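coords-v7.cif follows; it contains mmCIF, C-alpha atoms.
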```cif
data_final
#
loop_
_atom_site.group_PDB
_atom_site.id
_atom_site.type_symbol
_atom_site.label_atom_id
_atom_site.label_comp_id
_atom_site.auth_asym_id
_atom_site.auth_seq_id
_atom_site.Cartn_x
_atom_site.Cartn_y
_atom_site.Cartn_z
ATOM 1 C CA MET K 1 69.939 36.822 -17.148
ATOM 2 C CA SER K 2 68.909 34.131 -19.606
ATOM 3 C CA ASP K 3 66.016 34.501 -22.033
ATOM 4 C CA SER K 4 64.006 31.764 -20.347
ATOM 5 C CA THR K 5 64.255 33.506 -16.966
ATOM 6 C CA LEU K 6 63.005 36.732 -18.516
ATOM 7 C CA TRP K 7 60.014 34.931 -20.069
ATOM 8 C CA TRP K 8 59.192 33.211 -16.757
ATOM 9 C CA LEU K 9 59.296 36.571 -14.951
ATOM 10 C CA LEU K 10 57.027 38.138 -17.594
ATOM 11 C CA ALA K 11 54.580 35.231 -17.338
ATOM 12 C CA GLY K 12 54.522 35.494 -13.539
ATOM 13 C CA SER K 13 53.981 39.247 -13.752
ATOM 14 C CA ALA K 14 51.064 38.740 -16.151
ATOM 15 C CA VAL K 15 49.486 36.250 -13.740
ATOM 16 C CA ALA K 16 49.955 38.651 -10.812
ATOM 17 C CA LEU K 17 48.476 41.534 -12.800
ATOM 18 C CA GLU K 18 45.534 39.329 -13.754
ATOM 19 C CA LEU K 19 44.831 38.722 -10.063
ATOM 20 C CA PHE K 20 44.458 42.471 -9.566
ATOM 21 C CA THR K 21 42.378 43.181 -12.676
ATOM 22 C CA GLY K 22 40.219 40.042 -12.875
ATOM 23 C CA THR K 23 40.539 39.626 -16.637
ATOM 24 C CA PHE K 24 41.087 36.102 -17.822
ATOM 25 C CA TYR K 25 42.809 37.243 -21.020
ATOM 26 C CA LEU K 26 46.048 38.085 -19.221
ATOM 27 C CA LEU K 27 46.275 34.427 -18.236
ATOM 28 C CA MET K 28 46.039 33.503 -21.904
ATOM 29 C CA LEU K 29 48.893 35.874 -22.687
ATOM 30 C CA ALA K 30 50.838 34.299 -19.817
ATOM 31 C CA VAL K 31 50.359 30.940 -21.577
ATOM 32 C CA GLY K 32 52.047 32.474 -24.635
ATOM 33 C CA MET K 33 54.906 33.741 -22.487
ATOM 34 C CA THR K 34 55.275 30.295 -20.939
ATOM 35 C CA ALA K 35 55.477 28.773 -24.418
ATOM 36 C CA ALA K 36 58.208 31.288 -25.248
ATOM 37 C CA ALA K 37 60.079 30.310 -22.063
ATOM 38 C CA MET K 38 59.886 26.663 -23.098
ATOM 39 C CA SER K 39 61.207 27.506 -26.554
ATOM 40 C CA ALA K 40 64.064 29.447 -24.889
ATOM 41 C CA HIS K 41 64.878 26.330 -22.840
ATOM 42 C CA LEU K 42 65.036 24.408 -26.125
ATOM 43 C CA GLY K 43 67.554 26.906 -27.507
ATOM 44 C CA ALA K 44 65.368 28.853 -29.954
ATOM 45 C CA SER K 45 66.485 32.276 -31.121
ATOM 46 C CA THR K 46 64.999 35.471 -29.682
ATOM 47 C CA THR K 47 63.008 36.039 -32.863
ATOM 48 C CA THR K 48 61.531 32.538 -32.644
ATOM 49 C CA GLN K 49 60.690 33.070 -28.972
ATOM 50 C CA LEU K 50 58.823 36.292 -29.789
ATOM 51 C CA ILE K 51 56.927 34.597 -32.614
ATOM 52 C CA VAL K 52 56.005 31.649 -30.352
ATOM 53 C CA ALA K 53 54.809 34.031 -27.597
ATOM 54 C CA ALA K 54 52.750 36.050 -30.060
ATOM 55 C CA LEU K 55 51.195 33.057 -31.827
ATOM 56 C CA VAL K 56 50.410 30.984 -28.742
ATOM 57 C CA GLY K 57 49.198 33.969 -26.708
ATOM 58 C CA SER K 58 47.037 35.286 -29.545
ATOM 59 C CA ALA K 59 45.608 31.840 -30.282
ATOM 60 C CA ALA K 60 44.767 31.360 -26.602
ATOM 61 C CA VAL K 61 43.040 34.769 -26.386
ATOM 62 C CA VAL K 62 41.028 34.202 -29.571
ATOM 63 C CA GLY K 63 40.171 30.645 -28.533
ATOM 64 C CA TRP K 64 38.994 31.780 -25.094
ATOM 65 C CA TYR K 65 36.935 34.599 -26.650
ATOM 66 C CA PHE K 66 35.075 32.219 -28.958
ATOM 67 C CA LEU K 67 34.630 29.643 -26.186
ATOM 68 C CA LYS K 68 33.075 32.263 -23.878
ATOM 69 C CA LYS K 69 30.935 33.627 -26.710
ATOM 70 C CA ARG K 70 29.536 30.177 -27.506
ATOM 71 C CA THR K 71 28.675 29.154 -23.933
ATOM 72 C CA ALA K 72 25.593 30.491 -22.171
ATOM 73 C CA GLY K 73 26.086 33.400 -19.804
ATOM 74 C CA ASP K 74 25.725 33.263 -16.092
ATOM 75 C CA PRO K 75 22.172 33.409 -14.817
ATOM 76 C CA SER K 76 20.921 36.790 -13.737
ATOM 77 C CA VAL K 77 21.629 37.596 -10.111
ATOM 78 C CA ARG K 78 17.940 38.508 -9.841
ATOM 79 C CA SER K 79 17.055 34.851 -10.460
ATOM 80 C CA LEU K 80 19.256 33.358 -7.723
ATOM 81 C CA ARG K 81 17.450 32.126 -4.622
ATOM 82 C CA SER K 82 20.467 33.000 -2.473
ATOM 83 C CA VAL K 83 20.039 36.670 -3.450
ATOM 84 C CA ASN K 84 16.248 36.905 -3.664
ATOM 85 C CA LEU K 85 14.190 34.709 -1.356
ATOM 86 C CA ASP K 86 11.072 35.242 -3.501
ATOM 87 C CA VAL K 87 12.545 33.073 -6.278
ATOM 88 C CA GLY K 88 10.882 29.664 -6.253
ATOM 89 C CA GLU K 89 7.781 30.753 -4.352
ATOM 90 C CA VAL K 90 4.424 29.721 -5.839
ATOM 91 C CA LEU K 91 1.670 32.256 -6.534
ATOM 92 C CA GLN K 92 -1.962 31.721 -7.468
ATOM 93 C CA ILE K 93 -3.027 34.053 -10.282
ATOM 94 C CA ASP K 94 -6.762 34.228 -10.851
ATOM 95 C CA GLU K 95 -6.926 36.822 -13.625
ATOM 96 C CA TRP K 96 -4.554 38.406 -16.151
ATOM 97 C CA HIS K 97 -4.983 41.978 -17.412
ATOM 98 C CA ALA K 98 -5.137 42.828 -21.138
ATOM 99 C CA ASP K 99 -1.566 44.211 -21.052
ATOM 100 C CA GLY K 100 -0.187 40.804 -19.988
ATOM 101 C CA THR K 101 0.293 41.665 -16.322
ATOM 102 C CA ALA K 102 -1.537 40.501 -13.225
ATOM 103 C CA SER K 103 -1.897 41.861 -9.713
ATOM 104 C CA VAL K 104 -1.493 39.560 -6.729
ATOM 105 C CA LYS K 105 -1.325 40.056 -2.999
ATOM 106 C CA TYR K 106 1.984 38.569 -1.906
ATOM 107 C CA ARG K 107 3.855 39.080 1.376
ATOM 108 C CA GLY K 108 1.230 41.588 2.538
ATOM 109 C CA ALA K 109 1.507 43.890 -0.498
ATOM 110 C CA GLN K 110 0.148 44.209 -4.035
ATOM 111 C CA TRP K 111 2.646 43.029 -6.642
ATOM 112 C CA THR K 112 2.592 43.316 -10.414
ATOM 113 C CA VAL K 113 3.313 39.992 -12.059
ATOM 114 C CA ILE K 114 4.674 39.464 -15.575
ATOM 115 C CA GLN K 115 5.557 36.275 -17.400
ATOM 116 C CA ARG K 116 8.147 35.374 -19.971
ATOM 117 C CA PRO K 117 7.410 36.571 -23.505
ATOM 118 C CA GLY K 118 5.579 34.044 -25.658
ATOM 119 C CA ASN K 119 3.564 32.433 -22.859
ATOM 120 C CA SER K 120 -0.211 32.707 -22.873
ATOM 121 C CA PRO K 121 -1.748 34.338 -19.779
ATOM 122 C CA THR K 122 -3.922 31.649 -18.200
ATOM 123 C CA PRO K 123 -5.106 31.564 -14.577
ATOM 124 C CA GLY K 124 -3.404 29.063 -12.305
ATOM 125 C CA SER K 125 -0.304 28.434 -10.224
ATOM 126 C CA TYR K 126 2.934 30.180 -11.150
ATOM 127 C CA ARG K 127 6.453 30.003 -9.729
ATOM 128 C CA VAL K 128 8.513 33.191 -9.259
ATOM 129 C CA ALA K 129 11.536 32.990 -11.574
ATOM 130 C CA GLU K 130 13.141 36.359 -10.851
ATOM 131 C CA LEU K 131 12.511 39.888 -9.691
ATOM 132 C CA VAL K 132 12.556 42.469 -12.522
ATOM 133 C CA GLY K 133 12.524 45.907 -10.970
ATOM 134 C CA ASN K 134 9.444 45.880 -8.758
ATOM 135 C CA ARG K 135 7.689 43.146 -10.773
ATOM 136 C CA LEU K 136 7.708 39.396 -10.281
ATOM 137 C CA LEU K 137 8.597 37.393 -13.396
ATOM 138 C CA VAL K 138 6.786 34.048 -13.197
ATOM 139 C CA ASP K 139 6.717 30.685 -15.000
ATOM 140 C CA LYS K 140 3.713 28.357 -15.175
ATOM 141 C CA VAL K 141 3.922 25.485 -12.698
#
```

Produce C-alpha cells that represent the structure in this file.
Amino acid sequence: MSDSTLWWLLAGSAVALELFTGTFYLLMLAVGMTAAAMSAHLGASTTTQLIVAALVGSAAVVGWYFLKKRTAGDPSVRSLRSVNLDVGEVLQIDEWHADGTASVKYRGAQWTVIQRPGNSPTPGSYRVAELVGNRLLVDKV
C-alpha cells in the first residue's frame, strides 16, 4: 500500500470519528493528514510527510481555536423564541423593588422580573429577553 493511500485512509477515519464525537478539531487534523497525502503524491519522503501532517494539522487546530475564541458564542437557549414562547412578549412594569426586581402578573401567575445589569429600574414597557430560572429577564422597549 502506498503512503498516499495510508494518509487518505487516516484522513477518512478521522472524519468518520469526528462524526461520532462531534468535535471539530478532528476535522482540522484530517486537513493535516490530507496535506500529508498530497505531499506523498508529490514524492516527499516519509519524514517530510509526517512533518507536513504535524505542521498543517497543528496550525489548523490552533487557528480554529483562536477563531472560535474571538467570535461571539451562540445565544443562550433560554433566549430563543423557538424554545421559550415568552421571549419577545411585552410586559408593563409599574414599580420596581429596591433590590432591582419587580413583580408582575403574567399568564395568570405572579412572576419576578429582573433586568440586565447596568440598566436603571424605571416604570414602563419591557420586552422579555430570556427566562433565567423562574425569573423573566427583560429589556426596556

> Once the PyMOL selection byres ((chain K and resi 124-139) around 8) has been applied to the shown file, what residues remain in the selection, as a VMD selection string?
Replying inline: chain K and resid 78 to 80 84 86 to 94 111 to 116 122 to 123 140 to 141

>> Please enumerate the residues selected by the PyMOL selection byres ((chain K and resi 31-48) around 8) when evaluated against the supplied file, formatted as a list in words.
In response: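 In the shown coordinates, the PyMOL selection byres ((chain K and resi 31-48) around 8) covers Asp3, Ser4, Thr5, Leu6, Trp7, Trp8, Leu10, Ala11, Leu27, Met28, Leu29, Ala30, Gln49, Leu50, Ile51, Val52, Ala53, Ala54, Leu55, Val56, Gly57, Ser58 and Ala60 of chain K.
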
>> One number please: CA of Phe24 (chain K) to CA of Gly12 (chain K), in Å, one decimal.
In response: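 CA of Gly12 (chain K) lies 14.1 Å from CA of Phe24 (chain K).
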
> How many Å separate CA of Ala59 (chain K) from CA of Val15 (chain K)?
Replying inline: 17.6 Å

If the box runs along x, y and z of the file and leaves 8 Å on each side of region 2-18 of chain K, what are its centre and edge lengths in Å, one decimal, as JSON?
```
{"center_x": 57.2, "center_y": 36.6, "center_z": -16.4, "size_x": 39.4, "size_y": 25.8, "size_z": 27.2}
```

>> What does the structure give for the distance between CA of Trp96 (chain K) and CA of Pro121 (chain K), in Å to one decimal?
In response: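 Going from CA of Trp96 (chain K) over to CA of Pro121 (chain K), I get 6.1 Å.
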
Completed region 50-69 of chain K (N, CA, C and O atoms) as an mmCIF file, in the coordinates of the input:
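Output (result15.cif):
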```
data_model
loop_
_atom_site.group_PDB
_atom_site.id
_atom_site.type_symbol
_atom_site.label_atom_id
_atom_site.label_comp_id
_atom_site.auth_asym_id
_atom_site.auth_seq_id
_atom_site.Cartn_x
_atom_site.Cartn_y
_atom_site.Cartn_z
ATOM 1 N N LEU K 50 59.844 35.254 -29.642
ATOM 2 C CA LEU K 50 58.823 36.292 -29.789
ATOM 3 C C LEU K 50 57.660 35.819 -30.653
ATOM 4 O O LEU K 50 56.496 36.075 -30.338
ATOM 5 N N ILE K 51 57.977 35.110 -31.730
ATOM 6 C CA ILE K 51 56.927 34.597 -32.614
ATOM 7 C C ILE K 51 56.082 33.560 -31.877
ATOM 8 O O ILE K 51 54.854 33.563 -31.968
ATOM 9 N N VAL K 52 56.733 32.665 -31.124
ATOM 10 C CA VAL K 52 56.005 31.649 -30.352
ATOM 11 C C VAL K 52 55.096 32.319 -29.324
ATOM 12 O O VAL K 52 53.920 31.959 -29.178
ATOM 13 N N ALA K 53 55.617 33.325 -28.605
ATOM 14 C CA ALA K 53 54.809 34.031 -27.597
ATOM 15 C C ALA K 53 53.608 34.703 -28.251
ATOM 16 O O ALA K 53 52.487 34.624 -27.736
ATOM 17 N N ALA K 54 53.834 35.343 -29.381
ATOM 18 C CA ALA K 54 52.750 36.050 -30.060
ATOM 19 C C ALA K 54 51.709 35.077 -30.598
ATOM 20 O O ALA K 54 50.498 35.295 -30.422
ATOM 21 N N LEU K 55 52.141 34.006 -31.237
ATOM 22 C CA LEU K 55 51.195 33.057 -31.827
ATOM 23 C C LEU K 55 50.405 32.295 -30.773
ATOM 24 O O LEU K 55 49.172 32.200 -30.846
ATOM 25 N N VAL K 56 51.099 31.772 -29.778
ATOM 26 C CA VAL K 56 50.410 30.984 -28.742
ATOM 27 C C VAL K 56 49.511 31.885 -27.891
ATOM 28 O O VAL K 56 48.357 31.548 -27.611
ATOM 29 N N GLY K 57 50.011 33.051 -27.503
ATOM 30 C CA GLY K 57 49.198 33.969 -26.708
ATOM 31 C C GLY K 57 47.975 34.453 -27.468
ATOM 32 O O GLY K 57 46.868 34.478 -26.931
ATOM 33 N N SER K 58 48.170 34.822 -28.733
ATOM 34 C CA SER K 58 47.037 35.286 -29.545
ATOM 35 C C SER K 58 46.024 34.170 -29.771
ATOM 36 O O SER K 58 44.811 34.397 -29.694
ATOM 37 N N ALA K 59 46.512 32.971 -30.065
ATOM 38 C CA ALA K 59 45.608 31.840 -30.282
ATOM 39 C C ALA K 59 44.822 31.523 -29.009
ATOM 40 O O ALA K 59 43.623 31.225 -29.071
ATOM 41 N N ALA K 60 45.460 31.620 -27.862
ATOM 42 C CA ALA K 60 44.767 31.360 -26.602
ATOM 43 C C ALA K 60 43.705 32.422 -26.330
ATOM 44 O O ALA K 60 42.591 32.104 -25.899
ATOM 45 N N VAL K 61 44.013 33.686 -26.591
ATOM 46 C CA VAL K 61 43.040 34.769 -26.386
ATOM 47 C C VAL K 61 41.845 34.599 -27.320
ATOM 48 O O VAL K 61 40.689 34.667 -26.897
ATOM 49 N N VAL K 62 42.112 34.367 -28.602
ATOM 50 C CA VAL K 62 41.028 34.202 -29.571
ATOM 51 C C VAL K 62 40.209 32.950 -29.247
ATOM 52 O O VAL K 62 38.974 32.972 -29.293
ATOM 53 N N GLY K 63 40.885 31.873 -28.903
ATOM 54 C CA GLY K 63 40.171 30.645 -28.533
ATOM 55 C C GLY K 63 39.289 30.842 -27.325
ATOM 56 O O GLY K 63 38.139 30.386 -27.288
ATOM 57 N N TRP K 64 39.794 31.521 -26.301
ATOM 58 C CA TRP K 64 38.994 31.780 -25.094
ATOM 59 C C TRP K 64 37.822 32.691 -25.410
ATOM 60 O O TRP K 64 36.727 32.489 -24.894
ATOM 61 N N TYR K 65 38.021 33.695 -26.273
ATOM 62 C CA TYR K 65 36.935 34.599 -26.650
ATOM 63 C C TYR K 65 35.797 33.823 -27.308
ATOM 64 O O TYR K 65 34.632 34.001 -26.955
ATOM 65 N N PHE K 66 36.122 32.968 -28.272
ATOM 66 C CA PHE K 66 35.075 32.219 -28.958
ATOM 67 C C PHE K 66 34.428 31.171 -28.046
ATOM 68 O O PHE K 66 33.239 30.892 -28.157
ATOM 69 N N LEU K 67 35.196 30.592 -27.144
ATOM 70 C CA LEU K 67 34.630 29.643 -26.186
ATOM 71 C C LEU K 67 33.626 30.337 -25.263
ATOM 72 O O LEU K 67 32.536 29.820 -25.028
ATOM 73 N N LYS K 68 33.974 31.514 -24.752
ATOM 74 C CA LYS K 68 33.075 32.263 -23.878
ATOM 75 C C LYS K 68 31.847 32.758 -24.641
ATOM 76 O O LYS K 68 30.759 32.816 -24.094
ATOM 77 N N LYS K 69 32.041 33.128 -25.902
ATOM 78 C CA LYS K 69 30.935 33.627 -26.710
ATOM 79 C C LYS K 69 29.925 32.524 -27.003
ATOM 80 O O LYS K 69 28.727 32.765 -27.071
#
```
